[in-house]
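Here is the structure we will look at.
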Amino acid sequence: QVQVVESGGGLAQPGGSLRLSCVVSGIISSSIIMEWFRQTTGNERELVANINFIGAKNYADSVKGRFTVSRDNAKNTVYLQMNSLKPEDTAVYYCNARNRYNARNYWGQGTQVTVSS
């Protein structure tokens with residue numbers, strides 16, 4: 001059984017930083033692309049960043065230069081370092097482990113990030 005558990009959300013001031021973590025269990029690390037999405041009320045979930053097993057990364061234009069995605073394959077863990085946070089980064093952030101062989105998705109429960117002074 002695959003489990004995806006996020007942590008690290010919370011409250012930050014504009015210009016501040018937060019680091020999200022996501023641990024995946026029950027699936028081989030080399031078979032998954034790790035993704036971070038975010039969602040605000042009334043809006044669709046949007047891709048923030050992803051990283052594959054060999055470390056190739058993609059970012060949404062809105063976070064380029066501010067967010068950094070990384071992964072530790074030995075720990076089956078993906079991180080999202082968020083710097084220079086803006087109020088518009090406020091959202092529930094979800095981790096998704098996407099099986100690159102069958103495209104099946106395994107979602108975490110989400111973690112709230114609030115950027116406010």
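All residue names refer to the structure tokens as shown: chains lettered A, B, ... in order, residues numbered from 1 in each chain, ligands numbered from 1 in order.
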Contact check, region 68-104 of chain A to region 25-43 of chain A, at most 9 Å, counting only C-alpha atoms, closest pairs as CSV:
```
residue,atom,partner,partner_atom,distance
A:Val69,CA,A:Trp36,CA,8.5
A:Arg71,CA,A:Met34,CA,8.2
A:Asn73,CA,A:Ser29,CA,5.9
A:Ala74,CA,A:Ser29,CA,7.9
A:Lys75,CA,A:Ser29,CA,8.6
A:Asn76,CA,A:Ser29,CA,5.8
A:Thr77,CA,A:Met34,CA,8.7
A:Val78,CA,A:Met34,CA,6.8
A:Tyr79,CA,A:Trp36,CA,8.9
A:Leu80,CA,A:Trp36,CA,7.7
A:Asp89,CA,A:Arg38,CA,8.6
A:Thr90,CA,A:Thr40,CA,7.6
A:Ala91,CA,A:Thr40,CA,5.0
A:Val92,CA,A:Gln39,CA,5.3
A:Tyr93,CA,A:Arg38,CA,4.2
A:Tyr94,CA,A:Phe37,CA,5.1
A:Cys95,CA,A:Trp36,CA,4.7
A:Asn96,CA,A:Glu35,CA,5.0
A:Ala97,CA,A:Met34,CA,4.8
A:Arg98,CA,A:Ile33,CA,5.1
A:Asn99,CA,A:Ile32,CA,4.6
A:Arg100,CA,A:Ile32,CA,5.6
A:Tyr101,CA,A:Ser31,CA,7.0
```
(message) Can you tell me, as a PyMOL selection string, which residues in region 80-117 of chain A count as strand (DSSP E or B) by DSSP?
(response) chain A and resi 80-82+91-99+105-107+111-115
Export of prior selection with C-alpha atoms as a tab-separated table (two decimals), in the first residue's frame:
```
chain	number	residue	atom	x	y	z
A	80	LEU	CA	10.04	21.96	-1.54
A	81	GLN	CA	12.10	24.88	-0.30
A	82	MET	CA	10.01	28.02	-0.61
A	91	ALA	CA	-2.71	27.51	-0.60
A	92	VAL	CA	-3.00	23.91	0.41
A	93	TYR	CA	0.07	22.16	-0.94
A	94	TYR	CA	-0.21	18.55	-2.05
A	95	CYS	CA	2.47	16.01	-2.78
A	96	ASN	CA	1.84	13.53	-5.54
A	97	ALA	CA	3.83	10.43	-6.37
A	98	ARG	CA	3.16	9.60	-10.01
A	99	ASN	CA	4.08	6.15	-11.24
A	105	ASN	CA	-1.23	8.97	-8.86
A	106	TYR	CA	-0.79	8.72	-5.13
A	107	TRP	CA	-1.76	11.89	-3.29
A	111	THR	CA	-0.56	20.82	4.10
A	112	GLN	CA	-1.68	24.42	4.54
A	113	VAL	CA	0.72	27.23	3.71
A	114	THR	CA	-0.35	30.73	4.68
A	115	VAL	CA	1.68	33.80	3.82
```
(request) Quick one: pull the distance between CA of Asn58 (chain A) and CA of Ser117 (chain A), Å, one decimal. (result) 29.4 Å
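Considering only C-alpha atoms, the residue among A:Ser116, A:Asn52, A:Gln3, A:Ser70 positioned nearest to Ser21 (chain A) is A:Ser70.
Taking CA of Ser7 (chain A) and CA of Cys22 (chain A) as the two end points, the separation is 6.4 Å.
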